[in-house]
>>> print(open('query_4.pdb').read())   # PDB, C-alpha atoms
ATOM      1  CA  MET A 151     -21.755 -17.492  38.792
ATOM      2  CA  LYS A 152     -20.245 -16.292  35.544
ATOM      3  CA  ARG A 153     -22.782 -16.234  32.730
ATOM      4  CA  LYS A 154     -21.962 -18.572  29.837
ATOM      5  CA  ARG A 155     -22.136 -17.543  26.211
ATOM      6  CA  LEU A 156     -24.652 -19.316  23.959
ATOM      7  CA  THR A 157     -21.813 -21.024  22.058
ATOM      8  CA  GLN A 158     -20.438 -22.396  25.341
ATOM      9  CA  VAL A 159     -23.798 -23.972  26.136
ATOM     10  CA  PHE A 160     -24.270 -25.197  22.550
ATOM     11  CA  PRO A 161     -20.740 -25.700  21.097
ATOM     12  CA  PHE A 162     -22.113 -26.865  17.716
ATOM     13  CA  LEU A 163     -23.237 -23.274  17.076
ATOM     14  CA  LEU A 164     -19.677 -21.905  17.251
ATOM     15  CA  PRO A 165     -18.723 -22.498  13.561
ATOM     16  CA  ILE A 166     -21.959 -20.800  12.471
ATOM     17  CA  ARG A 167     -21.308 -17.865  14.799
ATOM     18  CA  LYS A 168     -17.745 -17.478  13.508
ATOM     19  CA  TRP A 169     -18.889 -17.586   9.863
ATOM     20  CA  GLN A 170     -21.615 -15.025  10.578
ATOM     21  CA  ARG A 171     -19.269 -12.700  12.445
ATOM     22  CA  LYS A 172     -16.601 -12.772   9.709
ATOM     23  CA  LYS A 173     -19.159 -11.943   7.018
ATOM     24  CA  LEU A 174     -20.345  -8.928   9.035
ATOM     25  CA  PHE A 175     -16.732  -7.969   9.840
ATOM     26  CA  TYR A 176     -15.768  -7.612   6.168
ATOM     27  CA  LEU A 177     -19.134  -6.157   5.136
ATOM     28  CA  GLU A 178     -18.611  -3.310   7.602
ATOM     29  CA  MET A 179     -15.224  -2.556   6.031
ATOM     30  CA  LEU A 180     -16.753  -2.690   2.555
ATOM     31  CA  ILE A 181     -19.187   0.113   3.375
ATOM     32  CA  ASP A 182     -17.211   2.188   5.923
ATOM     33  CA  GLY A 183     -15.894   4.649   3.301
ATOM     34  CA  ASN A 184     -12.222   3.821   3.825
ATOM     35  CA  LYS A 185      -9.839   3.055   0.979
ATOM     36  CA  TYR A 186      -7.831   0.067   2.162
ATOM     37  CA  ALA A 187      -4.175  -0.418   1.232
ATOM     38  CA  LYS A 188      -3.811  -3.466  -1.034
ATOM     39  CA  ASN A 189      -1.273  -2.572  -3.717
ATOM     40  CA  LYS A 190       2.304  -3.851  -3.585
ATOM     41  CA  SER A 191       5.513  -2.615  -5.173
ATOM     42  CA  GLU A 192       8.514  -4.864  -5.795
ATOM     43  CA  ALA A 193      10.617  -1.689  -5.913
ATOM     44  CA  LEU A 194      11.265  -0.595  -2.332
ATOM     45  CA  LEU A 195      10.787   3.023  -1.281
ATOM     46  CA  PRO A 196      14.092   4.847  -0.666
ATOM     47  CA  ASN A 197      13.910   5.900   3.006
ATOM     48  CA  THR A 198      13.930   3.702   6.119
ATOM     49  CA  VAL A 199      11.721   5.185   8.830
ATOM     50  CA  PHE A 200      12.146   2.412  11.418
ATOM     51  CA  GLU A 201      13.182  -1.235  11.561
ATOM     52  CA  THR A 202      12.987  -4.007  14.138
ATOM     53  CA  SER A 203      13.304  -7.755  14.601
ATOM     54  CA  SER A 204      11.457 -10.427  16.565
ATOM     55  CA  PHE A 205      12.829 -13.779  17.752
ATOM     56  CA  MET A 206      10.332 -16.412  16.620
ATOM     57  CA  LEU A 207      10.857 -19.513  18.800
ATOM     58  CA  ASN A 208       9.710 -18.896  22.365
ATOM     59  CA  LYS A 209      11.240 -21.602  24.561
ATOM     60  CA  ASN A 210       9.511 -20.153  27.642
ATOM     61  CA  SER A 211       5.970 -20.990  26.526
ATOM     62  CA  GLY A 212       5.850 -24.215  28.541
ATOM     63  CA  PHE A 213       4.249 -26.041  25.609
ATOM     64  CA  ASP A 214       5.499 -28.518  23.010
ATOM     65  CA  MET A 215       7.950 -26.757  20.687
ATOM     66  CA  LYS A 216       6.072 -28.138  17.675
ATOM     67  CA  TYR A 217       3.589 -25.303  18.186
ATOM     68  CA  GLN A 218       6.408 -22.763  17.955
ATOM     69  CA  ILE A 219       7.660 -24.368  14.733
ATOM     70  CA  ASN A 220       4.108 -24.348  13.358
ATOM     71  CA  LYS A 221       3.821 -20.685  14.325
ATOM     72  CA  VAL A 222       6.840 -19.830  12.158
ATOM     73  CA  HIS A 223       5.081 -21.492   9.208
ATOM     74  CA  ASN A 224       1.934 -19.462   9.919
ATOM     75  CA  LEU A 225       3.869 -16.196  10.252
ATOM     76  CA  LYS A 226       5.534 -16.696   6.883
ATOM     77  CA  LEU A 227       2.195 -17.396   5.169
ATOM     78  CA  ALA A 228       0.567 -14.297   6.643
ATOM     79  CA  ALA A 229       3.602 -12.077   6.023
ATOM     80  CA  ARG A 230       3.506 -12.828   2.295
ATOM     81  CA  THR A 231       0.232 -10.917   2.036
ATOM     82  CA  ILE A 232       1.644  -7.844   3.821
ATOM     83  CA  ASN A 233       5.244  -7.710   2.577
ATOM     84  CA  LYS A 234       5.892  -4.767   0.224
ATOM     85  CA  VAL A 235       2.391  -3.317   0.631
ATOM     86  CA  ILE A 236       2.191   0.404  -0.128
ATOM     87  CA  ILE A 237       0.153   2.737   2.119
ATOM     88  CA  GLU A 238      -0.711   5.826   0.090
ATOM     89  CA  PRO A 239      -1.972   9.120   1.566
ATOM     90  CA  ASN A 240      -5.565   8.754   2.826
ATOM     91  CA  GLU A 241      -5.371   4.958   2.699
ATOM     92  CA  THR A 242      -6.126   2.696   5.673
ATOM     93  CA  PHE A 243      -4.074  -0.366   6.578
ATOM     94  CA  SER A 244      -6.043  -3.336   7.932
ATOM     95  CA  PHE A 245      -4.295  -6.509   9.072
ATOM     96  CA  TRP A 246      -7.223  -8.719   8.143
ATOM     97  CA  GLN A 247      -7.977  -7.068   4.796
ATOM     98  CA  LEU A 248      -4.543  -8.279   3.711
ATOM     99  CA  VAL A 249      -4.216 -11.557   5.641
ATOM    100  CA  ARG A 250      -7.788 -12.773   5.009
ATOM    101  CA  TRP A 251      -6.844 -15.253   2.272
ATOM    102  CA  ALA A 252      -3.264 -16.026   3.317
ATOM    103  CA  ASP A 253      -4.064 -19.745   3.604
ATOM    104  CA  ARG A 254      -5.891 -20.072   0.297
ATOM    105  CA  TYR A 255      -3.151 -22.112  -1.415
ATOM    106  CA  GLU A 256      -1.194 -23.414   1.568
ATOM    107  CA  LYS A 257      -2.870 -24.159   4.883
ATOM    108  CA  TYR A 258      -1.917 -22.881   8.307
ATOM    109  CA  LYS A 259      -0.772 -25.296  10.991
ATOM    110  CA  ASP A 260      -1.867 -25.498  14.634
ATOM    111  CA  GLY A 261      -0.203 -22.810  16.752
ATOM    112  CA  LEU A 262      -0.937 -21.562  20.252
ATOM    113  CA  ASN A 263      -4.002 -19.397  20.867
ATOM    114  CA  LEU A 264      -5.964 -18.268  23.910
ATOM    115  CA  VAL A 265      -9.427 -19.867  23.662
ATOM    116  CA  ASP A 266     -11.982 -19.429  26.467
ATOM    117  CA  GLY A 267      -9.232 -18.569  28.922
ATOM    118  CA  LYS A 268      -7.020 -21.532  28.005
ATOM    119  CA  ILE A 269      -3.906 -21.766  25.827
ATOM    120  CA  VAL A 270      -4.525 -24.446  23.199
ATOM    121  CA  GLY A 271      -3.205 -25.439  19.805
ATOM    122  CA  SER A 272      -5.539 -24.164  17.092
ATOM    123  CA  TYR A 273      -5.537 -23.570  13.358
ATOM    124  CA  GLY A 274      -3.499 -20.505  12.393
ATOM    125  CA  GLY A 275      -2.330 -19.817  15.936
ATOM    126  CA  GLY A 276       0.575 -17.467  16.600
ATOM    127  CA  LEU A 277      -0.228 -14.672  14.151
ATOM    128  CA  CYS A 278      -0.234 -12.174  17.007
ATOM    129  CA  GLN A 279       3.555 -12.116  16.805
ATOM    130  CA  LEU A 280       3.207 -10.520  13.364
ATOM    131  CA  SER A 281       0.592  -7.986  14.528
ATOM    132  CA  ASN A 282       2.769  -7.211  17.568
ATOM    133  CA  MET A 283       5.750  -6.432  15.346
ATOM    134  CA  LEU A 284       3.687  -4.336  12.954
ATOM    135  CA  PHE A 285       2.232  -2.281  15.801
ATOM    136  CA  TRP A 286       5.728  -1.644  17.192
ATOM    137  CA  LEU A 287       6.791  -0.447  13.741
ATOM    138  CA  PHE A 288       3.728   1.781  13.384
ATOM    139  CA  LEU A 289       4.364   3.436  16.752
ATOM    140  CA  HIS A 290       7.586   4.834  15.239
ATOM    141  CA  THR A 291       5.886   6.569  12.305
ATOM    142  CA  PRO A 292       3.531   9.527  11.777
ATOM    143  CA  LEU A 293       0.759   7.091  10.776
ATOM    144  CA  THR A 294      -2.419   7.273  12.876
ATOM    145  CA  ILE A 295      -3.492   4.170  14.794
ATOM    146  CA  VAL A 296      -7.220   3.600  14.211
ATOM    147  CA  GLU A 297      -7.740   0.254  15.939
ATOM    148  CA  ARG A 298      -5.521  -1.669  18.332
ATOM    149  CA  HIS A 299      -6.335  -4.260  20.989
ATOM    150  CA  GLY A 300      -3.957  -5.355  23.725
ATOM    151  CA  HIS A 301      -3.897  -8.943  24.942
ATOM    152  CA  ALA A 302      -6.315  -9.396  27.831
ATOM    153  CA  VAL A 303      -3.988 -12.056  29.236
ATOM    154  CA  GLU A 304      -0.219 -12.454  28.875
ATOM    155  CA  SER A 305       0.177 -16.218  29.258
ATOM    156  CA  PHE A 306       3.973 -16.488  29.067
ATOM    157  CA  PRO A 307       6.987 -14.176  28.897
ATOM    158  CA  SER A 308       7.610 -12.434  25.582
ATOM    159  CA  THR A 309      10.586 -13.228  23.360
ATOM    160  CA  THR A 310      11.183  -9.451  23.181
ATOM    161  CA  GLU A 311      11.515  -8.530  26.857
ATOM    162  CA  ASP A 312      13.383  -5.327  25.997
ATOM    163  CA  LEU A 313      10.237  -3.761  24.511
ATOM    164  CA  PRO A 314       8.102  -1.450  26.657
ATOM    165  CA  CYS A 315       5.188  -3.157  28.384
ATOM    166  CA  GLY A 316       1.790  -2.820  26.715
ATOM    167  CA  THR A 317       3.056  -2.367  23.146
ATOM    168  CA  ASP A 318       1.453  -5.544  21.823
ATOM    169  CA  ALA A 319      -1.512  -5.839  19.438
ATOM    170  CA  THR A 320      -3.675  -8.941  19.368
ATOM    171  CA  ILE A 321      -5.896  -9.845  16.413
ATOM    172  CA  ASN A 322      -8.883 -12.175  15.972
ATOM    173  CA  GLU A 323     -10.555 -12.458  12.589
ATOM    174  CA  GLY A 324     -14.147 -11.280  12.795
ATOM    175  CA  TRP A 325     -13.619  -9.529  16.124
ATOM    176  CA  LEU A 326     -10.277  -7.737  16.523
ATOM    177  CA  ASP A 327      -8.203  -5.952  13.866
ATOM    178  CA  LEU A 328      -5.086  -3.795  13.695
ATOM    179  CA  LYS A 329      -5.768  -0.685  11.623
ATOM    180  CA  LEU A 330      -3.988   2.572  10.879
ATOM    181  CA  ARG A 331      -4.603   5.476   8.543
ATOM    182  CA  ASN A 332      -2.134   7.505   6.519
ATOM    183  CA  ASN A 333      -3.210  11.078   7.210
ATOM    184  CA  THR A 334       0.071  12.463   5.814
ATOM    185  CA  ASP A 335       1.064  13.467   2.291
ATOM    186  CA  ASN A 336       3.863  10.869   2.327
ATOM    187  CA  THR A 337       3.738   7.276   1.017
ATOM    188  CA  PHE A 338       4.828   4.355   3.208
ATOM    189  CA  GLN A 339       5.718   0.717   2.584
ATOM    190  CA  ILE A 340       6.030  -2.371   4.795
ATOM    191  CA  GLU A 341       8.844  -4.856   4.311
ATOM    192  CA  ILE A 342       9.027  -8.212   6.146
ATOM    193  CA  ASN A 343      11.853 -10.752   5.933
ATOM    194  CA  PHE A 344      12.861 -13.946   7.752
ATOM    195  CA  ASP A 345      15.953 -15.940   8.581
ATOM    196  CA  ASP A 346      16.177 -19.135  10.635
ATOM    197  CA  ASP A 347      15.602 -17.416  13.965
ATOM    198  CA  PHE A 348      14.174 -13.921  13.423
ATOM    199  CA  MET A 349      11.367 -12.097  11.683
ATOM    200  CA  TYR A 350      12.459  -8.650  10.463
ATOM    201  CA  GLY A 351      10.255  -5.641   9.766
ATOM    202  CA  ARG A 352      10.874  -2.246   8.193
ATOM    203  CA  ILE A 353       8.756   0.797   7.462
ATOM    204  CA  LEU A 354       9.934   2.650   4.360
ATOM    205  CA  SER A 355       8.807   6.003   2.967
ATOM    206  CA  GLN A 356       8.878   7.937  -0.283
ATOM    207  CA  SER A 357       9.984  11.180   1.367
ATOM    208  CA  SER A 358      12.196  11.252   4.436
ATOM    209  CA  VAL A 359      10.501  11.519   7.842
ATOM    210  CA  ASN A 360      12.157  14.262   9.871
ATOM    211  CA  ILE A 361      10.739  13.153  13.208
ATOM    212  CA  GLU A 362      12.505  10.604  15.436
ATOM    213  CA  TYR A 363      10.126   8.600  17.642
ATOM    214  CA  THR A 364      10.966   6.982  20.973
ATOM    215  CA  VAL A 365       8.385   4.805  22.748
ATOM    216  CA  PHE A 366       8.713   4.058  26.466
ATOM    217  CA  ASN A 367       6.846   3.361  29.718
ATOM    218  CA  SER A 368       6.533   6.276  32.089
ATOM    219  CA  SER A 369       5.289   3.809  34.715
ATOM    220  CA  VAL A 370       4.585   0.100  35.133
ATOM    221  CA  SER A 371       2.819  -1.334  38.165
ATOM    222  CA  TYR A 372       1.247  -4.619  39.247
ATOM    223  CA  PHE A 373      -1.692  -5.456  41.465
ATOM    224  CA  LYS A 374      -3.422  -8.613  42.656
ATOM    225  CA  ARG A 375      -7.178  -9.047  42.730
ATOM    226  CA  GLU A 376      -9.114 -12.282  43.317
ATOM    227  CA  GLU A 377      -5.904 -14.326  43.006
ATOM    228  CA  LYS A 378      -5.101 -12.834  39.587
ATOM    229  CA  ILE A 379      -2.194 -10.494  38.879
ATOM    230  CA  TYR A 380      -2.594  -7.508  36.563
ATOM    231  CA  GLN A 381      -0.128  -5.130  34.953
ATOM    232  CA  ILE A 382      -0.826  -1.453  34.276
ATOM    233  CA  ALA A 383       1.569   0.285  31.894
ATOM    234  CA  SER A 384       1.579   3.878  30.711
ATOM    235  CA  VAL A 385       2.828   3.940  27.100
ATOM    236  CA  CYS A 386       4.401   7.255  26.092
ATOM    237  CA  ARG A 387       6.218   8.636  23.064
ATOM    238  CA  THR A 388       8.692  11.418  22.440
ATOM    239  CA  GLU A 389       8.827  13.068  19.022
ATOM    240  CA  LYS A 390      12.103  14.802  18.197
ATOM    241  CA  ASP A 391      12.512  17.077  15.183
ATOM    242  CA  LYS A 392      15.772  16.014  13.528
ATOM    243  CA  MET A 393      16.325  19.487  12.073
ATOM    244  CA  THR A 394      15.647  21.707  15.083
ATOM    245  CA  GLY A 395      16.135  19.273  17.957
ATOM    246  CA  ARG A 396      12.767  20.335  19.387
ATOM    247  CA  GLN A 397      11.168  17.521  21.360
ATOM    248  CA  THR A 398       7.655  16.855  22.618
ATOM    249  CA  GLU A 399       6.392  14.057  24.843
ATOM    250  CA  LYS A 400       2.909  12.640  25.366
ATOM    251  CA  GLU A 401       1.117   9.643  26.813
ATOM    252  CA  LEU A 402      -0.420   7.532  24.042
ATOM    253  CA  TYR A 403      -2.549   5.203  26.182
ATOM    254  CA  VAL A 404      -2.659   3.170  29.390
ATOM    255  CA  ASN A 405      -2.582  -0.600  28.911
ATOM    256  CA  GLN A 406      -3.931  -3.145  31.392
ATOM    257  CA  CYS A 407      -3.634  -6.932  31.133
ATOM    258  CA  GLU A 408      -3.609 -10.026  33.303
ATOM    259  CA  ILE A 409      -0.210 -11.667  33.861
ATOM    260  CA  ALA A 410      -0.671 -15.447  33.929
ATOM    261  CA  TYR A 411       2.979 -16.449  34.357
ATOM    262  CA  LYS A 412       5.265 -16.201  37.390
ATOM    263  CA  LEU A 413       6.858 -12.781  37.783
ATOM    264  CA  PRO A 414      10.392 -12.283  39.169
ATOM    265  CA  ASP A 415      10.537 -12.198  42.964
ATOM    266  CA  ASP A 416      11.681  -8.566  43.032
ATOM    267  CA  ILE A 417       8.490  -7.271  41.368
ATOM    268  CA  LYS A 418       6.277  -5.371  43.819
ATOM    269  CA  ILE A 419       2.610  -6.433  43.635
ATOM    270  CA  GLU A 420      -0.080  -4.343  45.309
ATOM    271  CA  GLU A 421      -3.008  -6.142  46.959
ATOM    272  CA  ARG A 422      -6.430  -4.816  45.917
ATOM    273  CA  GLY A 423      -9.928  -5.785  46.898
ATOM    274  CA  VAL A 424     -12.809  -6.634  44.626
TER
END
>>> encode(input="query_4.pdb", output="C-alpha cells")
Amino acid sequence: MKRKRLTQVFPFLLPIRKWQRKKLFYLEMLIDGNKYAKNKSEALLPNTVFETSSFMLNKNSGFDMKYQINKVHNLKLAARTINKVIIEPNETFSFWQLVRWADRYEKYKDGLNLVDGKIVGSYGGGLCQLSNMLFWLFLHTPLTIVERHGHAVESFPSTTEDLPCGTDATINEGWLDLKLRNNTDNTFQIEINFDDDFMYGRILSQSSVNIEYTVFNSSVSYFKREEKIYQIASVCRTEKDKMTGRQTEKELYVNQCEIAYKLPDDIKIEERGV
C-alpha cells in the first residue's frame, strides 16, 4: 500500500506546510550567494538571440474552457513581472524570485493544476505554460540552466506538438523553480508579449551571439508498466558557429514522464515488468 503523506492524512495541515515551505524556499535563495536578476529596462537590447510563440487555449484538455481562459489571465499577470528583465553577467534568473508577488494587486483565477495525481482547477493554475516557453527560449542561448524540472505526468496533448519531447519545465512555488545563470560576459533580456491567441517570447542580447542553437530528440520511446505508459526522450542540442560553420552536438539530458492521455495508434509501446 502506498504510504500517505502527513498532509493527506490531516488535510488541515496543508496550508501551514505550504506557508512553511515557501518561507524556507525564499530564505535559501536569500543566503545562497547568488545575485538574482530583478532589474528591468524599457529600452530593449539590440540583438535577437531567439524567439518563439505559444498558443494559449488548449481545446484538447478535456476540461471546461473557462479554465483555459482563466489561465490566459494568470499568464499575463505573471509575465508582467518577467517582461523586459535584464540578466547581467554573473546574475541568476529565478522564475519565482520574479513571479512571487505577481498577484499582489490583481488576483489569479482558477486554472488547471496537477494535485495529488488529479487535474483540478486551483488558484493560479496554468503558469507552467510560461515556464515551458521560457525554458525553450533558454535552451537556444549560451545561458546555463541551473534548475529545471520536467512534468512527472503529461495529462493532455500539448498545444505545441512541433516541439521536441521533454523540453517542458514545470514550476511549483516552494518546491520547484526554473533557474539559469549568466556565466557569459554578455547581457541578456527577456521580452514577452500577447495577442488574442498567442503568447510570444524573445531573448535579446547586448552583443550579438555568434552561435546558432538547434534542439532536437535523438530518440523517443514509450513503455508500459503497471498499466501506466511512460515516455523516454533524449534531448540533444547542436551548436553551430555562424562565422566558421563549425558544429558540435551533445546530449543535454534524458527526460522521462508518464503519458496520461491516449497516444496515436501507430505509436509503438514496449511492455515492461515491475
>>> resolve_selection(input="query_4.pdb", expression="the PyMOL selection byres ((chain A and resi 293-299) around 7)", output="ChimeraX atom specification")
/A:288,291-292,300-301,319-320,326-333
>>> closest_residue(input="query_4.pdb", among="A:Phe175, A:Tyr380, A:Phe348, A:Tyr403", to="Trp325 in chain A", atoms="only C-alpha atoms")
A:Phe175
>>> atom_distance(input="query_4.pdb", atom1="CA of Gln406 in chain A", atom2="CA of Ile342 in chain A")
28.8 Å
>>> closest_residue(input="query_4.pdb", among="A:Cys315, A:Ile417, A:Ile361, A:Ile181", to="Val404 in chain A", atoms="all atoms listed in the file")
A:Cys315
>>> residues_around(input="query_4.pdb", residues="Val249 in chain A", least_positions_apart="3", cutoff="9 Å", atoms="all atoms listed in the file", output="mmCIF file with C-alpha atoms, in the coordinates of the input")
data_model
loop_
_atom_site.group_PDB
_atom_site.id
_atom_site.type_symbol
_atom_site.label_atom_id
_atom_site.label_comp_id
_atom_site.auth_asym_id
_atom_site.auth_seq_id
_atom_site.Cartn_x
_atom_site.Cartn_y
_atom_site.Cartn_z
ATOM 1 C CA LEU A 227 2.195 -17.396 5.169
ATOM 2 C CA ALA A 228 0.567 -14.297 6.643
ATOM 3 C CA ALA A 229 3.602 -12.077 6.023
ATOM 4 C CA ARG A 230 3.506 -12.828 2.295
ATOM 5 C CA THR A 231 0.232 -10.917 2.036
ATOM 6 C CA ILE A 232 1.644 -7.844 3.821
ATOM 7 C CA SER A 244 -6.043 -3.336 7.932
ATOM 8 C CA PHE A 245 -4.295 -6.509 9.072
ATOM 9 C CA TRP A 246 -7.223 -8.719 8.143
ATOM 10 C CA ALA A 252 -3.264 -16.026 3.317
ATOM 11 C CA ASP A 253 -4.064 -19.745 3.604
#
>>> atom_distance(input="query_4.pdb", atom1="CA of Gly324 in chain A", atom2="CA of Arg171 in chain A")
5.3 Å
>>> closest_residue(input="query_4.pdb", among="A:Val199, A:Ala193, A:Leu207, A:Val385", to="Asn360 in chain A", atoms="only C-alpha atoms")
A:Val199
>>> residues_around(input="query_4.pdb", residues="Phe366 in chain A", least_positions_apart="6", cutoff="9 Å", atoms="all atoms listed in the file", output="MDAnalysis selection string")
chainID A and resid 313:315 384:388
>>> residues_around(input="query_4.pdb", residues="Ser308 in chain A", least_positions_apart="3", cutoff="9 Å", atoms="only C-alpha atoms", output="list in words")
Asn208, Asn210, Ser211, Glu304 and Glu311 of chain A
>>> atom_distance(input="query_4.pdb", atom1="CA of Asp260 in chain A", atom2="CA of Ile353 in chain A")
29.3 Å
>>> resolve_selection(input="query_4.pdb", expression="the PyMOL selection byres ((chain A and resi 234) around 6)", output="PyMOL selection string")
chain A and resi 190-191+233+235+339-341
>>> residues_around(input="query_4.pdb", residues="His290 in chain A", least_positions_apart="4", cutoff="9 Å", atoms="only C-alpha atoms", output="list in words")
Val199, Phe200, Phe285, Trp286, Ile353, Glu362, Tyr363, Thr364, Val365 and Arg387 of chain A
>>> closest_residue(input="query_4.pdb", among="A:Ile321, A:Met179, A:Ile382, A:Leu402", to="Leu284 in chain A", atoms="only C-alpha atoms")
A:Ile321
>>> resolve_selection(input="query_4.pdb", expression="the PyMOL selection byres ((chain A and resi 379) around 8)", output="list in words")
Tyr372, Phe373, Lys374, Arg375, Glu377, Lys378, Tyr380, Gln381, Glu408, Ile409, Ala410 and Ile419 of chain A
>>> axis_aligned_box(input="query_4.pdb", around="range 345-352 of chain A", padding_each_side="3 Å", output="lines of an AutoDock Vina configuration file")
center_x = 13.2
center_y = -10.7
center_z = 11.1
size_x = 11.9
size_y = 22.9
size_z = 11.8
>>> closest_residue(input="query_4.pdb", among="A:Leu354, A:Cys278, A:Gly271, A:Ile166", to="Asn220 in chain A", atoms="all atoms listed in the file")
A:Gly271
>>> closest_residue(input="query_4.pdb", among="A:Lys173, A:Arg422, A:Arg250, A:Lys259", to="Val222 in chain A", atoms="all atoms listed in the file")
A:Lys259
>>> residues_around(input="query_4.pdb", residues="Met349 in chain A", least_positions_apart="4", cutoff="10 Å", atoms="all atoms listed in the file", output="PDB file with C-alpha atoms, keeping the file's coordinate frame")
ATOM      1  CA  THR A 202      12.987  -4.007  14.138  1.00  0.00           C
ATOM      2  CA  SER A 203      13.304  -7.755  14.601  1.00  0.00           C
ATOM      3  CA  SER A 204      11.457 -10.427  16.565  1.00  0.00           C
ATOM      4  CA  PHE A 205      12.829 -13.779  17.752  1.00  0.00           C
ATOM      5  CA  MET A 206      10.332 -16.412  16.620  1.00  0.00           C
ATOM      6  CA  VAL A 222       6.840 -19.830  12.158  1.00  0.00           C
ATOM      7  CA  LEU A 225       3.869 -16.196  10.252  1.00  0.00           C
ATOM      8  CA  LYS A 226       5.534 -16.696   6.883  1.00  0.00           C
ATOM      9  CA  ALA A 229       3.602 -12.077   6.023  1.00  0.00           C
ATOM     10  CA  GLN A 279       3.555 -12.116  16.805  1.00  0.00           C
ATOM     11  CA  LEU A 280       3.207 -10.520  13.364  1.00  0.00           C
ATOM     12  CA  MET A 283       5.750  -6.432  15.346  1.00  0.00           C
ATOM     13  CA  ILE A 342       9.027  -8.212   6.146  1.00  0.00           C
ATOM     14  CA  ASN A 343      11.853 -10.752   5.933  1.00  0.00           C
ATOM     15  CA  PHE A 344      12.861 -13.946   7.752  1.00  0.00           C
ATOM     16  CA  ASP A 345      15.953 -15.940   8.581  1.00  0.00           C
TER      17      ASP A 345
END
>>> residues_near_point(input="query_4.pdb", point="(5.7, -28.2, 17.7)", cutoff="10 Å", atoms="all atoms listed in the file", output="VMD selection string")
chain A and resid 213 to 221 259 to 262 271
>>> build_atoms(input="query_4.pdb", residues="range 184-199 of chain A", atoms="N, CA and C atoms", output="mmCIF file, in the coordinates of the input")
data_model
loop_
_atom_site.group_PDB
_atom_site.id
_atom_site.type_symbol
_atom_site.label_atom_id
_atom_site.label_comp_id
_atom_site.auth_asym_id
_atom_site.auth_seq_id
_atom_site.Cartn_x
_atom_site.Cartn_y
_atom_site.Cartn_z
ATOM 1 N N ASN A 184 -13.681 3.805 3.863
ATOM 2 C CA ASN A 184 -12.222 3.821 3.825
ATOM 3 C C ASN A 184 -11.693 3.188 2.546
ATOM 4 N N LYS A 185 -10.562 3.688 2.084
ATOM 5 C CA LYS A 185 -9.839 3.055 0.979
ATOM 6 C C LYS A 185 -8.709 2.251 1.605
ATOM 7 N N TYR A 186 -8.781 0.931 1.479
ATOM 8 C CA TYR A 186 -7.831 0.067 2.162
ATOM 9 C C TYR A 186 -6.602 -0.219 1.290
ATOM 10 N N ALA A 187 -5.445 -0.181 1.920
ATOM 11 C CA ALA A 187 -4.175 -0.418 1.232
ATOM 12 C C ALA A 187 -4.097 -1.881 0.804
ATOM 13 N N LYS A 188 -3.903 -2.107 -0.503
ATOM 14 C CA LYS A 188 -3.811 -3.466 -1.034
ATOM 15 C C LYS A 188 -2.710 -3.612 -2.076
ATOM 16 N N ASN A 189 -2.269 -2.498 -2.641
ATOM 17 C CA ASN A 189 -1.273 -2.572 -3.717
ATOM 18 C C ASN A 189 0.125 -2.816 -3.165
ATOM 19 N N LYS A 190 0.913 -3.575 -3.946
ATOM 20 C CA LYS A 190 2.304 -3.851 -3.585
ATOM 21 C C LYS A 190 3.234 -3.272 -4.641
ATOM 22 N N SER A 191 4.476 -3.056 -4.243
ATOM 23 C CA SER A 191 5.513 -2.615 -5.173
ATOM 24 C C SER A 191 6.776 -3.426 -4.911
ATOM 25 N N GLU A 192 7.267 -4.113 -5.936
ATOM 26 C CA GLU A 192 8.514 -4.864 -5.795
ATOM 27 C C GLU A 192 9.688 -3.917 -5.572
ATOM 28 N N ALA A 193 9.583 -2.708 -6.140
ATOM 29 C CA ALA A 193 10.617 -1.689 -5.913
ATOM 30 C C ALA A 193 10.385 -1.078 -4.536
ATOM 31 N N LEU A 194 11.400 -1.116 -3.685
ATOM 32 C CA LEU A 194 11.265 -0.595 -2.332
ATOM 33 C C LEU A 194 11.425 0.915 -2.310
ATOM 34 N N LEU A 195 10.668 1.575 -1.439
ATOM 35 C CA LEU A 195 10.787 3.023 -1.281
ATOM 36 C C LEU A 195 12.159 3.355 -0.684
ATOM 37 N N PRO A 196 12.678 4.562 -0.934
ATOM 38 C CA PRO A 196 14.092 4.847 -0.666
ATOM 39 C C PRO A 196 14.488 5.114 0.783
ATOM 40 N N ASN A 197 13.537 5.467 1.653
ATOM 41 C CA ASN A 197 13.910 5.900 3.006
ATOM 42 C C ASN A 197 13.424 4.917 4.075
ATOM 43 N N THR A 198 14.312 4.549 4.984
ATOM 44 C CA THR A 198 13.930 3.702 6.119
ATOM 45 C C THR A 198 13.493 4.588 7.276
ATOM 46 N N VAL A 199 12.257 4.415 7.705
ATOM 47 C CA VAL A 199 11.721 5.185 8.830
ATOM 48 C C VAL A 199 12.076 4.498 10.153
#
